[in-house]
file model_11.pdb (PDB, C-alpha atoms)
ATOM      1  CA  MET A  24      98.695 113.260 118.967
ATOM      2  CA  THR A  25     101.436 114.849 121.060
ATOM      3  CA  ARG A  26     104.998 114.062 120.140
ATOM      4  CA  SER A  27     108.466 115.331 120.879
ATOM      5  CA  VAL A  28     109.731 117.519 118.048
ATOM      6  CA  HIS A  29     113.487 117.549 117.387
ATOM      7  CA  PRO A  30     115.140 120.993 117.178
ATOM      8  CA  ILE A  31     116.277 120.252 113.599
ATOM      9  CA  GLU A  32     112.637 119.733 112.597
ATOM     10  CA  VAL A  33     111.681 123.041 114.240
ATOM     11  CA  GLU A  34     114.463 124.791 112.304
ATOM     12  CA  SER A  35     113.399 123.073 109.067
ATOM     13  CA  TYR A  36     109.833 124.351 109.403
ATOM     14  CA  SER A  37     111.108 127.840 110.175
ATOM     15  CA  THR A  38     113.167 127.692 106.976
ATOM     16  CA  ILE A  39     110.176 126.444 104.965
ATOM     17  CA  ARG A  40     108.034 129.302 106.290
ATOM     18  CA  GLY A  41     110.733 131.730 105.154
ATOM     19  CA  LEU A  42     110.723 130.235 101.651
ATOM     20  CA  VAL A  43     107.005 129.878 100.950
ATOM     21  CA  ASP A  44     104.078 132.093 101.815
ATOM     22  CA  LEU A  45     100.777 130.329 102.535
ATOM     23  CA  PRO A  46      98.638 133.142 104.005
ATOM     24  CA  ASP A  47      95.271 132.277 102.477
ATOM     25  CA  LEU A  48      95.182 128.649 103.557
ATOM     26  CA  GLY A  49      93.510 127.049 106.543
ATOM     27  CA  PRO A  50      95.679 125.623 109.311
ATOM     28  CA  LEU A  51      95.369 121.999 108.152
ATOM     29  CA  GLN A  52      96.114 122.966 104.558
ATOM     30  CA  ARG A  53      99.251 124.785 105.735
ATOM     31  CA  ALA A  54     100.287 121.852 107.920
ATOM     32  CA  VAL A  55      99.864 119.400 105.033
ATOM     33  CA  ILE A  56     101.773 121.488 102.507
ATOM     34  CA  GLU A  57     104.577 122.288 104.951
ATOM     35  CA  ARG A  58     105.004 118.620 105.881
ATOM     36  CA  VAL A  59     105.033 117.565 102.218
ATOM     37  CA  ILE A  60     107.691 120.192 101.504
ATOM     38  CA  HIS A  61     109.649 119.006 104.543
ATOM     39  CA  ALA A  62     109.453 115.367 103.410
ATOM     40  CA  THR A  63     110.405 116.058  99.796
ATOM     41  CA  GLY A  64     112.607 119.143  99.955
ATOM     42  CA  ASP A  65     110.501 120.586  97.129
ATOM     43  CA  THR A  66     108.977 124.024  97.723
ATOM     44  CA  GLY A  67     107.111 123.685  94.413
ATOM     45  CA  TYR A  68     104.422 121.770  96.282
ATOM     46  CA  ALA A  69     103.247 125.106  97.736
ATOM     47  CA  ALA A  70     101.668 125.947  94.368
ATOM     48  CA  ASP A  71     100.910 122.354  93.312
ATOM     49  CA  VAL A  72      98.884 120.793  96.151
ATOM     50  CA  VAL A  73      95.096 120.909  95.875
ATOM     51  CA  SER A  74      93.218 120.555  99.154
ATOM     52  CA  ASP A  75      90.166 121.708 101.036
ATOM     53  CA  GLU A  76      90.218 122.632 104.717
ATOM     54  CA  SER A  77      86.854 121.041 105.510
ATOM     55  CA  ALA A  78      87.823 117.784 103.745
ATOM     56  CA  LEU A  79      91.078 117.714 105.701
ATOM     57  CA  ARG A  80      89.102 118.181 108.933
ATOM     58  CA  GLN A  81      86.870 115.257 107.925
ATOM     59  CA  ALA A  82      89.955 113.174 107.226
ATOM     60  CA  ARG A  83      91.520 114.025 110.568
ATOM     61  CA  ASP A  84      88.275 113.159 112.366
ATOM     62  CA  ALA A  85      88.100 109.831 110.507
ATOM     63  CA  LEU A  86      91.716 109.040 111.372
ATOM     64  CA  LEU A  87      91.331 109.943 115.037
ATOM     65  CA  GLY A  88      88.088 107.963 115.075
ATOM     66  CA  GLY A  89      89.991 104.832 114.070
ATOM     67  CA  ALA A  90      89.196 104.589 110.363
ATOM     68  CA  PRO A  91      91.448 102.023 108.700
ATOM     69  CA  VAL A  92      94.365 103.449 106.740
ATOM     70  CA  ILE A  93      95.169 101.702 103.466
ATOM     71  CA  VAL A  94      98.212 102.451 101.344
ATOM     72  CA  ASP A  95      99.127 101.314  97.852
ATOM     73  CA  ALA A  96     102.788 100.462  98.520
ATOM     74  CA  HIS A  97     105.084  99.399 101.330
ATOM     75  CA  MET A  98     107.136 102.581 100.835
ATOM     76  CA  VAL A  99     104.085 104.672 101.784
ATOM     77  CA  ALA A 100     103.470 102.454 104.815
ATOM     78  CA  ALA A 101     107.090 102.856 105.940
ATOM     79  CA  GLY A 102     106.709 106.635 105.999
ATOM     80  CA  ILE A 103     103.611 106.714 108.198
ATOM     81  CA  THR A 104     105.098 106.869 111.660
ATOM     82  CA  SER A 105     101.927 107.611 113.563
ATOM     83  CA  ARG A 106     100.080 104.277 113.447
ATOM     84  CA  ALA A 107      99.776 100.894 111.781
ATOM     85  CA  VAL A 108      98.416 100.767 108.244
ATOM     86  CA  LEU A 109      97.245  98.134 105.784
ATOM     87  CA  CYS A 110      99.039  97.737 102.462
ATOM     88  CA  ALA A 111      97.042  96.766  99.378
ATOM     89  CA  LEU A 112     100.057  94.826  98.072
ATOM     90  CA  ASP A 113      99.645  92.395 100.977
ATOM     91  CA  GLU A 114      96.288  91.234  99.574
ATOM     92  CA  PRO A 115      96.430  88.376  97.082
ATOM     93  CA  GLY A 116      95.994  89.521  93.493
ATOM     94  CA  ASP A 117      93.654  87.913  90.999
ATOM     95  CA  GLY A 118      95.823  88.433  87.930
ATOM     96  CA  LYS A 119      93.085  90.528  86.315
ATOM     97  CA  GLY A 120      94.405  94.028  86.976
ATOM     98  CA  PRO A 121      96.653  96.246  84.927
ATOM     99  CA  THR A 122      99.153  96.197  87.825
ATOM    100  CA  ARG A 123      99.669  94.366  91.082
ATOM    101  CA  SER A 124      98.811  97.604  92.915
ATOM    102  CA  ALA A 125      95.425  97.829  91.178
ATOM    103  CA  GLU A 126      94.673  94.197  92.029
ATOM    104  CA  GLY A 127      95.600  94.797  95.670
ATOM    105  CA  ALA A 128      93.441  97.907  95.840
ATOM    106  CA  ARG A 129      90.474  95.973  94.423
ATOM    107  CA  ALA A 130      90.986  93.165  96.927
ATOM    108  CA  MET A 131      91.278  95.608  99.825
ATOM    109  CA  LEU A 132      88.100  97.407  98.723
ATOM    110  CA  GLN A 133      86.230  94.095  98.685
ATOM    111  CA  LYS A 134      87.608  93.183 102.090
ATOM    112  CA  LEU A 135      87.008  96.479 103.942
ATOM    113  CA  GLY A 136      84.347  98.317 101.951
ATOM    114  CA  ALA A 137      83.625 101.981 102.547
ATOM    115  CA  GLY A 138      84.959 104.372 105.146
ATOM    116  CA  ALA A 139      88.722 103.863 104.979
ATOM    117  CA  VAL A 140      91.343 106.546 104.508
ATOM    118  CA  TRP A 141      93.533 105.753 101.488
ATOM    119  CA  ALA A 142      97.022 107.018 100.679
ATOM    120  CA  ILE A 143      98.128 106.419  97.098
ATOM    121  CA  GLY A 144     101.725 107.506  96.564
ATOM    122  CA  CYS A 145     103.006 105.120  93.967
ATOM    123  CA  ALA A 146     100.549 103.666  91.474
ATOM    124  CA  PRO A 147      98.102 105.681  89.363
ATOM    125  CA  THR A 148      96.448 102.335  88.520
ATOM    126  CA  ALA A 149      95.580 101.841  92.202
ATOM    127  CA  LEU A 150      93.999 105.294  92.282
ATOM    128  CA  PHE A 151      91.971 104.563  89.126
ATOM    129  CA  GLU A 152      90.837 101.272  90.721
ATOM    130  CA  LEU A 153      89.732 103.121  93.841
ATOM    131  CA  LEU A 154      87.843 105.710  91.782
ATOM    132  CA  GLY A 155      85.970 102.982  89.905
ATOM    133  CA  ALA A 156      84.847 101.200  93.061
ATOM    134  CA  PRO A 157      81.185 101.065  94.100
ATOM    135  CA  VAL A 158      82.102 101.980  97.699
ATOM    136  CA  ALA A 159      83.372 105.363  98.808
ATOM    137  CA  PRO A 160      86.425 105.934 100.956
ATOM    138  CA  ALA A 161      86.288 108.472 103.779
ATOM    139  CA  PHE A 162      89.244 110.346 102.273
ATOM    140  CA  VAL A 163      91.947 109.834  99.655
ATOM    141  CA  VAL A 164      95.489 111.110  99.548
ATOM    142  CA  GLY A 165      96.096 110.908  95.809
ATOM    143  CA  LEU A 166      99.760 111.600  95.125
ATOM    144  CA  PRO A 167     100.901 108.899  92.706
ATOM    145  CA  VAL A 168     104.098 109.840  90.931
ATOM    146  CA  GLY A 169     105.053 109.430  87.317
ATOM    147  CA  PHE A 170     104.561 110.183  83.669
ATOM    148  CA  VAL A 171     101.990 107.506  82.760
ATOM    149  CA  GLY A 172      98.566 108.059  84.252
ATOM    150  CA  ALA A 173      99.613 110.067  87.310
ATOM    151  CA  VAL A 174      98.307 113.464  86.218
ATOM    152  CA  GLU A 175      95.178 111.882  84.744
ATOM    153  CA  SER A 176      94.400 109.853  87.872
ATOM    154  CA  LYS A 177      94.776 112.936  90.065
ATOM    155  CA  ALA A 178      92.504 114.989  87.799
ATOM    156  CA  ALA A 179      89.926 112.182  87.977
ATOM    157  CA  LEU A 180      90.186 112.192  91.782
ATOM    158  CA  ARG A 181      89.575 115.949  91.938
ATOM    159  CA  ALA A 182      86.556 115.556  89.643
ATOM    160  CA  SER A 183      85.127 112.615  91.624
ATOM    161  CA  GLY A 184      83.790 114.586  94.578
ATOM    162  CA  ILE A 185      85.587 112.248  97.017
ATOM    163  CA  PRO A 186      87.185 114.235  99.860
ATOM    164  CA  CYS A 187      90.873 114.326  99.002
ATOM    165  CA  VAL A 188      94.219 116.007  98.844
ATOM    166  CA  THR A 189      96.169 115.725  95.609
ATOM    167  CA  ASN A 190      98.323 117.769  93.278
ATOM    168  CA  LYS A 191      98.269 118.861  89.667
ATOM    169  CA  SER A 192     101.662 117.744  88.363
ATOM    170  CA  THR A 193     103.604 114.530  87.785
ATOM    171  CA  LYS A 194     105.181 115.002  91.225
ATOM    172  CA  GLY A 195     104.132 112.840  94.118
ATOM    173  CA  GLY A 196     105.458 109.664  95.649
ATOM    174  CA  SER A 197     105.557 107.661  98.809
ATOM    175  CA  ALA A 198     107.214 110.320 100.982
ATOM    176  CA  ALA A 199     104.673 112.964  99.934
ATOM    177  CA  ALA A 200     101.679 110.670 100.502
ATOM    178  CA  ALA A 201     102.928 109.576 103.923
ATOM    179  CA  ALA A 202     103.647 113.196 104.852
ATOM    180  CA  VAL A 203      99.996 114.141 104.336
ATOM    181  CA  LEU A 204      98.777 111.511 106.792
ATOM    182  CA  ASN A 205     101.498 112.360 109.299
ATOM    183  CA  ALA A 206     100.482 116.030 109.062
ATOM    184  CA  LEU A 207      96.885 115.112 109.856
ATOM    185  CA  PHE A 208      97.876 112.861 112.758
ATOM    186  CA  TYR A 209     100.383 115.301 114.273
ATOM    187  CA  PHE A 210      98.348 118.483 113.778
ATOM    188  CA  GLU A 211      97.789 120.569 116.886
ATOM    189  CA  GLU A 212      95.508 123.604 116.932
ATOM    190  CA  GLY A 213      97.380 126.864 117.328
ATOM    191  CA  MET A 214     100.650 125.586 115.927
TER
END
call {"tool": "encode", "arguments": {"input": "model_11.pdb", "output": "structure tokens"}}
result
Amino acid sequence: MTRSVHPIEVESYSTIRGLVDLPDLGPLQRAVIERVIHATGDTGYAADVVSDESALRQARDALLGGAPVIVDAHMVAAGITSRAVLCALDEPGDGKGPTRSAEGARAMLQKLGAGAVWAIGCAPTALFELLGAPVAPAFVVGLPVGFVGAVESKAALRASGIPCVTNKSTKGGSAAAAAVLNALFYFEEGM
């Protein structure tokens, strides 16, 4: 996806590259981490993000191939500037989940089944719901934020074998989750 890059964004990335060193990462891993740092202003993500270059390539291929993108919160959806997404909160809940986000994730899984790309930036309960589903997503951005269940849900995602990008700490959030998808959409070889 070609887009016009503002000079301030170019300068921001130059500054980020001067602050963090990512020499042993693949190009998509670098692009993801740099965009998350850019979106959050937090260079700590350089040592916190867990990703795999081949899984990121699979995710990019799925996205460019038209896989549906599902997010757990409207704030994540607002940050994805590259294409329309579906929000789990827009699905009617059944009142049987621990949170409205978990109910929406369950409903969206039943509606769309396997093969979607998910971005969880708010609710660890939505990520746990996704991990307990009988259908597999194509890829999961698992960056829920918080002190209750966030670290545990991300550890469970890493252990699941589902292609993903996540982090190890309580950090995360809508801006970080959206940044990962934008990085995958905007990536250009050789940049």
call {"tool": "resolve_selection", "arguments": {"input": "model_11.pdb", "expression": "the PyMOL selection byres ((chain A and resi 160) around 10)", "output": "PyMOL selection string"}}
result
chain A and resi 90+132+135-141+153-154+156-159+161-163+185-187
call {"tool": "write_last_selection", "arguments": {"input": "model_11.pdb", "atoms": "C-alpha atoms", "output": "PDB file, keeping the file's coordinate frame"}}
result
ATOM      1  CA  ALA A  90      89.196 104.589 110.363  1.00  0.00           C
ATOM      2  CA  LEU A 132      88.100  97.407  98.723  1.00  0.00           C
ATOM      3  CA  LEU A 135      87.008  96.479 103.942  1.00  0.00           C
ATOM      4  CA  GLY A 136      84.347  98.317 101.951  1.00  0.00           C
ATOM      5  CA  ALA A 137      83.625 101.981 102.547  1.00  0.00           C
ATOM      6  CA  GLY A 138      84.959 104.372 105.146  1.00  0.00           C
ATOM      7  CA  ALA A 139      88.722 103.863 104.979  1.00  0.00           C
ATOM      8  CA  VAL A 140      91.343 106.546 104.508  1.00  0.00           C
ATOM      9  CA  TRP A 141      93.533 105.753 101.488  1.00  0.00           C
ATOM     10  CA  LEU A 153      89.732 103.121  93.841  1.00  0.00           C
ATOM     11  CA  LEU A 154      87.843 105.710  91.782  1.00  0.00           C
ATOM     12  CA  ALA A 156      84.847 101.200  93.061  1.00  0.00           C
ATOM     13  CA  PRO A 157      81.185 101.065  94.100  1.00  0.00           C
ATOM     14  CA  VAL A 158      82.102 101.980  97.699  1.00  0.00           C
ATOM     15  CA  ALA A 159      83.372 105.363  98.808  1.00  0.00           C
ATOM     16  CA  ALA A 161      86.288 108.472 103.779  1.00  0.00           C
ATOM     17  CA  PHE A 162      89.244 110.346 102.273  1.00  0.00           C
ATOM     18  CA  VAL A 163      91.947 109.834  99.655  1.00  0.00           C
ATOM     19  CA  ILE A 185      85.587 112.248  97.017  1.00  0.00           C
ATOM     20  CA  PRO A 186      87.185 114.235  99.860  1.00  0.00           C
ATOM     21  CA  CYS A 187      90.873 114.326  99.002  1.00  0.00           C
TER      22      CYS A 187
END
call {"tool": "resolve_selection", "arguments": {"input": "model_11.pdb", "expression": "the PyMOL selection byres ((chain A and resi 180) around 10)", "output": "list in words"}}
result
Leu150, Phe151, Leu153, Leu154, Val163, Val164, Gly165, Val174, Glu175, Ser176, Lys177, Ala178, Ala179, Arg181, Ala182, Ser183, Gly184, Ile185, Pro186, Cys187, Val188, Thr189 and Asn190 of chain A
call {"tool": "residues_around", "arguments": {"input": "model_11.pdb", "residues": "Pro167 in chain A", "least_positions_apart": "5", "cutoff": "10 Å", "atoms": "all atoms listed in the file", "output": "list in words"}}
result
Asp95, Ala142, Ile143, Gly144, Cys145, Ala146, Pro147, Thr148, Ala149, Leu150, Gly172, Ala173, Val174, Ser176, Lys177, Thr189, Asn190, Ser192, Thr193, Lys194, Gly195, Gly196, Ser197, Ala199 and Ala200 of chain A
call {"tool": "write_last_selection", "arguments": {"input": "model_11.pdb", "atoms": "C-alpha atoms", "output": "tab-separated table (two decimals), in the coordinates of the input"}}
result
chain	number	residue	atom	x	y	z
A	95	ASP	CA	99.13	101.31	97.85
A	142	ALA	CA	97.02	107.02	100.68
A	143	ILE	CA	98.13	106.42	97.10
A	144	GLY	CA	101.72	107.51	96.56
A	145	CYS	CA	103.01	105.12	93.97
A	146	ALA	CA	100.55	103.67	91.47
A	147	PRO	CA	98.10	105.68	89.36
A	148	THR	CA	96.45	102.34	88.52
A	149	ALA	CA	95.58	101.84	92.20
A	150	LEU	CA	94.00	105.29	92.28
A	172	GLY	CA	98.57	108.06	84.25
A	173	ALA	CA	99.61	110.07	87.31
A	174	VAL	CA	98.31	113.46	86.22
A	176	SER	CA	94.40	109.85	87.87
A	177	LYS	CA	94.78	112.94	90.06
A	189	THR	CA	96.17	115.72	95.61
A	190	ASN	CA	98.32	117.77	93.28
A	192	SER	CA	101.66	117.74	88.36
A	193	THR	CA	103.60	114.53	87.78
A	194	LYS	CA	105.18	115.00	91.22
A	195	GLY	CA	104.13	112.84	94.12
A	196	GLY	CA	105.46	109.66	95.65
A	197	SER	CA	105.56	107.66	98.81
A	199	ALA	CA	104.67	112.96	99.93
A	200	ALA	CA	101.68	110.67	100.50
call {"tool": "resolve_selection", "arguments": {"input": "model_11.pdb", "expression": "the PyMOL selection byres ((chain A and resi 50-67) around 8)", "output": "tab-separated table (two decimals) with C-alpha atoms, in the frame of the given file"}}
result
chain	number	residue	atom	x	y	z
A	35	SER	CA	113.40	123.07	109.07
A	36	TYR	CA	109.83	124.35	109.40
A	39	ILE	CA	110.18	126.44	104.96
A	40	ARG	CA	108.03	129.30	106.29
A	42	LEU	CA	110.72	130.24	101.65
A	43	VAL	CA	107.00	129.88	100.95
A	45	LEU	CA	100.78	130.33	102.54
A	48	LEU	CA	95.18	128.65	103.56
A	49	GLY	CA	93.51	127.05	106.54
A	68	TYR	CA	104.42	121.77	96.28
A	69	ALA	CA	103.25	125.11	97.74
A	70	ALA	CA	101.67	125.95	94.37
A	71	ASP	CA	100.91	122.35	93.31
A	72	VAL	CA	98.88	120.79	96.15
A	74	SER	CA	93.22	120.56	99.15
A	75	ASP	CA	90.17	121.71	101.04
A	76	GLU	CA	90.22	122.63	104.72
A	79	LEU	CA	91.08	117.71	105.70
A	80	ARG	CA	89.10	118.18	108.93
A	198	ALA	CA	107.21	110.32	100.98
A	199	ALA	CA	104.67	112.96	99.93
A	200	ALA	CA	101.68	110.67	100.50
A	202	ALA	CA	103.65	113.20	104.85
A	203	VAL	CA	100.00	114.14	104.34
A	205	ASN	CA	101.50	112.36	109.30
A	206	ALA	CA	100.48	116.03	109.06
A	207	LEU	CA	96.88	115.11	109.86
A	210	PHE	CA	98.35	118.48	113.78
A	212	GLU	CA	95.51	123.60	116.93
call {"tool": "closest_residue", "arguments": {"input": "model_11.pdb", "among": "A:Ile103, A:Gly118, A:Ser77, A:Val94", "to": "Met131 in chain A", "atoms": "only C-alpha atoms"}}
result
A:Val94
call {"tool": "build_atoms", "arguments": {"input": "model_11.pdb", "residues": "range 101-128 of chain A", "atoms": "N, CA and C atoms", "output": "PDB file, keeping the file's coordinate frame"}}
result
ATOM      1  N   ALA A 101     105.873 102.621 105.156  1.00  0.00           N
ATOM      2  CA  ALA A 101     107.090 102.856 105.940  1.00  0.00           C
ATOM      3  C   ALA A 101     107.194 104.304 106.401  1.00  0.00           C
ATOM      4  N   GLY A 102     106.615 105.224 105.643  1.00  0.00           N
ATOM      5  CA  GLY A 102     106.709 106.635 105.999  1.00  0.00           C
ATOM      6  C   GLY A 102     105.670 107.108 106.991  1.00  0.00           C
ATOM      7  N   ILE A 103     104.658 106.310 107.252  1.00  0.00           N
ATOM      8  CA  ILE A 103     103.611 106.714 108.198  1.00  0.00           C
ATOM      9  C   ILE A 103     104.040 106.242 109.585  1.00  0.00           C
ATOM     10  N   THR A 104     104.495 107.184 110.370  1.00  0.00           N
ATOM     11  CA  THR A 104     105.098 106.869 111.660  1.00  0.00           C
ATOM     12  C   THR A 104     104.115 106.956 112.814  1.00  0.00           C
ATOM     13  N   SER A 105     102.878 107.315 112.507  1.00  0.00           N
ATOM     14  CA  SER A 105     101.927 107.611 113.563  1.00  0.00           C
ATOM     15  C   SER A 105     101.027 106.445 113.961  1.00  0.00           C
ATOM     16  N   ARG A 106     100.889 105.437 113.077  1.00  0.00           N
ATOM     17  CA  ARG A 106     100.080 104.277 113.447  1.00  0.00           C
ATOM     18  C   ARG A 106     100.207 103.193 112.385  1.00  0.00           C
ATOM     19  N   ALA A 107      99.709 102.027 112.710  1.00  0.00           N
ATOM     20  CA  ALA A 107      99.776 100.894 111.781  1.00  0.00           C
ATOM     21  C   ALA A 107      98.828 101.129 110.607  1.00  0.00           C
ATOM     22  N   VAL A 108      99.232 100.634 109.450  1.00  0.00           N
ATOM     23  CA  VAL A 108      98.416 100.767 108.244  1.00  0.00           C
ATOM     24  C   VAL A 108      98.329  99.416 107.547  1.00  0.00           C
ATOM     25  N   LEU A 109      97.400  99.326 106.615  1.00  0.00           N
ATOM     26  CA  LEU A 109      97.245  98.134 105.784  1.00  0.00           C
ATOM     27  C   LEU A 109      97.780  98.461 104.394  1.00  0.00           C
ATOM     28  N   CYS A 110      98.496  97.514 103.791  1.00  0.00           N
ATOM     29  CA  CYS A 110      99.039  97.737 102.462  1.00  0.00           C
ATOM     30  C   CYS A 110      98.303  96.866 101.452  1.00  0.00           C
ATOM     31  N   ALA A 111      97.785  97.492 100.406  1.00  0.00           N
ATOM     32  CA  ALA A 111      97.042  96.766  99.378  1.00  0.00           C
ATOM     33  C   ALA A 111      97.891  95.668  98.737  1.00  0.00           C
ATOM     34  N   LEU A 112      99.186  95.847  98.673  1.00  0.00           N
ATOM     35  CA  LEU A 112     100.057  94.826  98.072  1.00  0.00           C
ATOM     36  C   LEU A 112     100.099  93.538  98.893  1.00  0.00           C
ATOM     37  N   ASP A 113      99.666  93.595 100.135  1.00  0.00           N
ATOM     38  CA  ASP A 113      99.645  92.395 100.977  1.00  0.00           C
ATOM     39  C   ASP A 113      98.429  91.515 100.711  1.00  0.00           C
ATOM     40  N   GLU A 114      97.471  92.029  99.936  1.00  0.00           N
ATOM     41  CA  GLU A 114      96.288  91.234  99.574  1.00  0.00           C
ATOM     42  C   GLU A 114      96.609  90.420  98.320  1.00  0.00           C
ATOM     43  N   PRO A 115      96.162  89.186  98.271  1.00  0.00           N
ATOM     44  CA  PRO A 115      96.430  88.376  97.082  1.00  0.00           C
ATOM     45  C   PRO A 115      95.774  88.978  95.840  1.00  0.00           C
ATOM     46  N   GLY A 116      96.530  89.021  94.754  1.00  0.00           N
ATOM     47  CA  GLY A 116      95.994  89.521  93.493  1.00  0.00           C
ATOM     48  C   GLY A 116      95.236  88.432  92.754  1.00  0.00           C
ATOM     49  N   ASP A 117      94.424  88.870  91.784  1.00  0.00           N
ATOM     50  CA  ASP A 117      93.654  87.913  90.999  1.00  0.00           C
ATOM     51  C   ASP A 117      94.194  87.771  89.572  1.00  0.00           C
ATOM     52  N   GLY A 118      95.248  88.502  89.265  1.00  0.00           N
ATOM     53  CA  GLY A 118      95.823  88.433  87.930  1.00  0.00           C
ATOM     54  C   GLY A 118      95.005  89.140  86.876  1.00  0.00           C
ATOM     55  N   LYS A 119      93.986  89.883  87.277  1.00  0.00           N
ATOM     56  CA  LYS A 119      93.085  90.528  86.315  1.00  0.00           C
ATOM     57  C   LYS A 119      93.236  92.050  86.280  1.00  0.00           C
ATOM     58  N   GLY A 120      94.238  92.582  86.962  1.00  0.00           N
ATOM     59  CA  GLY A 120      94.405  94.028  86.976  1.00  0.00           C
ATOM     60  C   GLY A 120      95.538  94.459  86.072  1.00  0.00           C
ATOM     61  N   PRO A 121      95.561  95.743  85.751  1.00  0.00           N
ATOM     62  CA  PRO A 121      96.653  96.246  84.927  1.00  0.00           C
ATOM     63  C   PRO A 121      97.998  96.215  85.659  1.00  0.00           C
ATOM     64  N   THR A 122      97.946  96.279  86.997  1.00  0.00           N
ATOM     65  CA  THR A 122      99.153  96.197  87.825  1.00  0.00           C
ATOM     66  C   THR A 122      98.820  95.455  89.106  1.00  0.00           C
ATOM     67  N   ARG A 123      99.842  95.027  89.794  1.00  0.00           N
ATOM     68  CA  ARG A 123      99.669  94.366  91.082  1.00  0.00           C
ATOM     69  C   ARG A 123      99.036  95.322  92.093  1.00  0.00           C
ATOM     70  N   SER A 124      99.391  96.605  92.010  1.00  0.00           N
ATOM     71  CA  SER A 124      98.811  97.604  92.915  1.00  0.00           C
ATOM     72  C   SER A 124      97.309  97.743  92.706  1.00  0.00           C
ATOM     73  N   ALA A 125      96.867  97.731  91.467  1.00  0.00           N
ATOM     74  CA  ALA A 125      95.425  97.829  91.178  1.00  0.00           C
ATOM     75  C   ALA A 125      94.701  96.597  91.705  1.00  0.00           C
ATOM     76  N   GLU A 126      95.291  95.427  91.516  1.00  0.00           N
ATOM     77  CA  GLU A 126      94.673  94.197  92.029  1.00  0.00           C
ATOM     78  C   GLU A 126      94.566  94.238  93.548  1.00  0.00           C
ATOM     79  N   GLY A 127      95.623  94.703  94.212  1.00  0.00           N
ATOM     80  CA  GLY A 127      95.600  94.797  95.670  1.00  0.00           C
ATOM     81  C   GLY A 127      94.568  95.793  96.162  1.00  0.00           C
ATOM     82  N   ALA A 128      94.451  96.911  95.458  1.00  0.00           N
ATOM     83  CA  ALA A 128      93.441  97.907  95.840  1.00  0.00           C
ATOM     84  C   ALA A 128      92.044  97.320  95.713  1.00  0.00           C
TER      85      ALA A 128
END
